[in-house]
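Novice: Below is a structure I'd like to ask you about.
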Amino acid sequence: MNGSAETGFEPVILVFTCNWCSYRAADLAGTARIKYPPNVRLVRLMCSGRLDPAFVLKAFESGADAVVMTGCWPEDCHYRIQNVKALRRFELLSRVLVGLGLEPRRFQRVYASAAEGQQLADAFTRIVEEVRMLGPLDWGRPARPAVAASRVPDRPELVEASA
Amino acid sequence: MTPIAKHRFAMYWASSCGGCDISVINLGEAILDFAEHFDIVFWPALMDAKYADVEAMDDGSIDLTLFSGSIRTTENVRLARLLRQKSAVLVAFGSCATEGCIPGLANLTATDDLIATAFEGPSTDNPEHIRPKPNWASNGFELELPALLPIVNTLDQVVEVDYRVPGCPPETERIAEVVALVGAALDGKATLPPRGSVLGAGHSTVCDECRRERNVKRLERFSRIQALPPLQPDLCLLEQGLPCNGPATRDGCGAKCPSAGAPCIGCYGAADGVTDYGARLLSAFASVVDANEADDIDRILDGLPDPVGQFYRFSLAGSLLRAARTPRQQAALAGVAREVAQ
């Protein structure tokens, strides 16, 4: 009901990329003039192994409609096996997010070597359409009540001066 | 002998089980020292008091308030604001007030469904479909009851909090240290750490307090305790396949559960520098999984039947995402800011 073009919903999709493969692939897509939708926002990490699950939660809390982890193919990691460690975290974090009511399509992983600009652009295009059909997520923002602006009685003499 | 001017102390329970109050009372004889230094001006668990008495106090006139319990009802919000206004030092006391604790798990379910379960579960006879109402007239009297908020909140999501004391409940020895520290500060003999600090706990993790032997961990499966052979008494529980929350949980409890052969369940909340308890713990668990292919990894992770419960048992309401995303929950969440602001 909210995924059609008529509603004008444009998903925001945060994509974490690896400096050595998927970021280069996205760069290649750019220099080769391969188009993919502008809904995708890239964050470059040194490795998918750097992706702390808290980054993903923070992205959803900050309004992302989907998060994508991209990285090197298995056996191709610049740091030997860190992409495998990322995979273990991805699988466990996926289970937690599904348990919290998230549609699995909103948290995906994509492999792309530095030569696979076309494949990466195709994956982005597919994911944007999938998320467009799911509709907006709006997880974080409305849930946050304003902290009451009650007066905090000030007793500075009790507290150690901060450095 | 001239009477010593005593400091004024309050303790309140919002949505809590009362365990935090019991843990304070467990001070035993030390509570007599406590009573020499503090006048108890408000403590509903121990003595009769009216909210109007608190309202009549001067702002900031309560020197120390320990606030336990999560913020579940409009009454909890009202008392949180009132005690904030009247307290010089407001401490979020215990797991409920600091991170939501067990009541926070209600955030996995829409409020209507919670009420339906409580009032019309399989063991409840309720042919008239009675539901709680905020207003009720009886014999010509209008009664007003607190309403539920759409989700459980932590204290610092509603008012500014000066310090946090974690634990479910906080260990009595730690409470004694906190009360002694604040008492000394009020006497001008000590200073408190910067606002927002954690009191009554360590800065590292339960693993650092645990006496069990630790090695490199590689797990081919996670198991529940009843499915394991008898545990080795001196070896890390996680290494033996038992999901133990020690790696992400703040120390301060003395690692009592692992010492007794039970895994840590995380009641002391996140260690220093952790943004989201569940995120940190799931990273730790993922790192011990001994498999490289997605299918093998999945098979090992099947040993954790309830990931949300494992990683957010105590911290869901205070976590980054705070609540599950159910369609009805989403609709309710849109009203949270409005209701809490009232």
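Letters for chains follow the order of the structure tokens (A, B, ...), residue numbers begin at 1 for each chain, and ligand numbers begin at 1 in the order shown.
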Contacts of range 73-82 of chain A at 10 Å or less, counting only C-alpha atoms, minus same-chain residues fewer than 4 places along, as an MDAnalysis selection string?
Specialist: (chainID A and resid 18:22 46:50 86:88 110:113) or (chainID B and resid 292:293)
Novice: Can you spit out the residues from that selection as a PDB file, in the first residue's frame, using N, CA and C atoms?
Specialist:
ATOM      1  N   CYS A  18      33.635  -2.226   1.703  1.00  0.00           N
ATOM      2  CA  CYS A  18      35.014  -2.563   2.052  1.00  0.00           C
ATOM      3  C   CYS A  18      35.950  -1.760   1.160  1.00  0.00           C
ATOM      4  N   ASN A  19      36.971  -1.191   1.765  1.00  0.00           N
ATOM      5  CA  ASN A  19      37.919  -0.353   1.026  1.00  0.00           C
ATOM      6  C   ASN A  19      38.548  -1.085  -0.159  1.00  0.00           C
ATOM      7  N   TRP A  20      38.720  -2.409  -0.043  1.00  0.00           N
ATOM      8  CA  TRP A  20      39.522  -3.145  -1.028  1.00  0.00           C
ATOM      9  C   TRP A  20      38.698  -3.775  -2.135  1.00  0.00           C
ATOM     10  N   CYS A  21      37.372  -3.908  -1.942  1.00  0.00           N
ATOM     11  CA  CYS A  21      36.607  -4.584  -2.996  1.00  0.00           C
ATOM     12  C   CYS A  21      35.344  -3.808  -3.351  1.00  0.00           C
ATOM     13  N   SER A  22      34.341  -3.812  -2.482  1.00  0.00           N
ATOM     14  CA  SER A  22      33.057  -3.253  -2.894  1.00  0.00           C
ATOM     15  C   SER A  22      33.119  -1.737  -3.077  1.00  0.00           C
ATOM     16  N   MET A  46      37.368  -0.099   6.275  1.00  0.00           N
ATOM     17  CA  MET A  46      38.562  -0.768   5.749  1.00  0.00           C
ATOM     18  C   MET A  46      38.266  -2.222   5.403  1.00  0.00           C
ATOM     19  N   CYS A  47      37.198  -2.777   5.996  1.00  0.00           N
ATOM     20  CA  CYS A  47      36.910  -4.202   5.808  1.00  0.00           C
ATOM     21  C   CYS A  47      35.501  -4.423   6.324  1.00  0.00           C
ATOM     22  N   SER A  48      34.794  -5.396   5.751  1.00  0.00           N
ATOM     23  CA  SER A  48      33.469  -5.696   6.314  1.00  0.00           C
ATOM     24  C   SER A  48      33.602  -6.179   7.754  1.00  0.00           C
ATOM     25  N   GLY A  49      34.780  -6.678   8.104  1.00  0.00           N
ATOM     26  CA  GLY A  49      35.023  -7.108   9.480  1.00  0.00           C
ATOM     27  C   GLY A  49      34.987  -5.956  10.474  1.00  0.00           C
ATOM     28  N   ARG A  50      35.068  -4.728   9.972  1.00  0.00           N
ATOM     29  CA  ARG A  50      34.991  -3.557  10.853  1.00  0.00           C
ATOM     30  C   ARG A  50      33.539  -3.228  11.220  1.00  0.00           C
ATOM     31  N   ALA A  86      32.898 -11.282   9.798  1.00  0.00           N
ATOM     32  CA  ALA A  86      31.759 -10.401   9.532  1.00  0.00           C
ATOM     33  C   ALA A  86      30.510 -11.222   9.206  1.00  0.00           C
ATOM     34  N   LEU A  87      30.710 -12.321   8.468  1.00  0.00           N
ATOM     35  CA  LEU A  87      29.579 -13.180   8.109  1.00  0.00           C
ATOM     36  C   LEU A  87      28.937 -13.782   9.362  1.00  0.00           C
ATOM     37  N   ARG A  88      29.766 -14.217  10.312  1.00  0.00           N
ATOM     38  CA  ARG A  88      29.209 -14.795  11.549  1.00  0.00           C
ATOM     39  C   ARG A  88      28.372 -13.756  12.283  1.00  0.00           C
ATOM     40  N   VAL A 110      25.991  -8.459   0.391  1.00  0.00           N
ATOM     41  CA  VAL A 110      26.319  -8.594  -1.027  1.00  0.00           C
ATOM     42  C   VAL A 110      27.833  -8.727  -1.144  1.00  0.00           C
ATOM     43  N   TYR A 111      28.267  -9.697  -1.916  1.00  0.00           N
ATOM     44  CA  TYR A 111      29.696  -9.803  -2.226  1.00  0.00           C
ATOM     45  C   TYR A 111      29.984  -9.091  -3.539  1.00  0.00           C
ATOM     46  N   ALA A 112      31.097  -8.356  -3.609  1.00  0.00           N
ATOM     47  CA  ALA A 112      31.499  -7.737  -4.875  1.00  0.00           C
ATOM     48  C   ALA A 112      33.002  -7.537  -4.871  1.00  0.00           C
ATOM     49  N   SER A 113      33.669  -8.069  -5.857  1.00  0.00           N
ATOM     50  CA  SER A 113      35.100  -7.799  -5.992  1.00  0.00           C
ATOM     51  C   SER A 113      35.275  -6.432  -6.641  1.00  0.00           C
TER      52      SER A 113
ATOM     53  N   ASN B 292      32.993 -21.515   8.936  1.00  0.00           N
ATOM     54  CA  ASN B 292      33.274 -20.486   7.936  1.00  0.00           C
ATOM     55  C   ASN B 292      32.202 -20.369   6.858  1.00  0.00           C
ATOM     56  N   GLU B 293      31.357 -21.394   6.722  1.00  0.00           N
ATOM     57  CA  GLU B 293      30.326 -21.357   5.697  1.00  0.00           C
ATOM     58  C   GLU B 293      28.998 -20.968   6.329  1.00  0.00           C
TER      59      GLU B 293
END
Novice: Name the residues in contact with range 144-155 of chain B at a cut-off of 8 Å, using only C-alpha atoms, excluding same-chain residues fewer than 2 positions from it; report them as a CSV table (one decimal) with C-alpha atoms, in the first residue's frame.
Specialist:
chain,number,residue,atom,x,y,z
B,70,SER,CA,11.1,1.3,35.0
B,71,ILE,CA,8.7,4.0,33.6
B,72,ARG,CA,5.6,2.1,32.5
B,73,THR,CA,2.7,4.2,33.6
B,74,THR,CA,1.7,7.9,33.7
B,75,GLU,CA,2.1,7.7,37.5
B,80,ALA,CA,10.0,10.7,38.1
B,92,ALA,CA,18.8,5.6,38.6
B,96,CYS,CA,14.9,-1.3,35.6
B,97,ALA,CA,15.6,2.4,36.1
B,98,THR,CA,18.9,2.2,34.1
B,99,GLU,CA,18.0,0.0,31.2
B,100,GLY,CA,14.4,-1.4,31.5
B,103,PRO,CA,9.6,-5.3,32.4
B,104,GLY,CA,11.3,-3.8,29.3
B,106,ALA,CA,7.1,-6.0,27.3
B,107,ASN,CA,8.4,-3.8,24.4
B,110,ALA,CA,2.0,-4.4,21.5
B,111,THR,CA,0.3,-3.0,24.6
B,133,LYS,CA,-9.7,1.8,32.4
B,134,PRO,CA,-8.1,5.1,33.5
B,135,ASN,CA,-11.4,6.4,34.9
B,136,TRP,CA,-14.0,4.7,36.9
B,142,GLU,CA,-14.7,9.4,40.4
B,157,GLN,CA,14.5,8.6,28.9
B,158,VAL,CA,12.1,10.7,30.9
B,159,VAL,CA,14.2,13.0,33.2
B,160,GLU,CA,17.8,13.9,33.6
B,161,VAL,CA,19.6,11.4,35.8
B,317,ALA,CA,14.1,-0.6,26.8
B,318,GLY,CA,17.5,1.1,27.1
B,323,ALA,CA,11.2,-1.9,21.2
B,329,GLN,CA,3.5,-1.1,18.2
B,332,ALA,CA,1.5,3.4,19.3
B,333,LEU,CA,5.1,4.6,19.2
B,335,GLY,CA,2.0,8.7,20.2
B,336,VAL,CA,4.8,8.2,22.7
B,339,GLU,CA,1.8,11.1,25.8
B,340,VAL,CA,5.0,11.5,27.8
Novice: From the list B:Gly303, B:Gly69, B:Gly121, B:Pro233, which residue is nearest chain A when using only C-alpha atoms?
Specialist: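 Closest candidate: B:Gly303.
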Novice: In Å to one decimal, how far is CA of Gln232 in chain B from CA of Glu220 in chain B?
Specialist: 17.5 Å
Novice: Measuring atom to atom with only C-alpha atoms, identify which of B:Leu181, B:Val206, B:Cys267, B:Val54 is nearest to chain A.
Specialist: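 Closest residue, counting only C-alpha atoms: B:Leu181.
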Novice: Once DSSP has gone over the backbone, tell me which residues of range 63-151 of chain A are in strand (DSSP E), as a ChimeraX atom specification.
Specialist: /A:66-71,107-111
Novice: For Asp162 in chain B, work out the shell of residues within 7 Å, counting only C-alpha atoms and skipping chain neighbours fewer than 4 positions away, then give it as a ChimeraX atom specification.
Specialist: /B:89-91,195-196
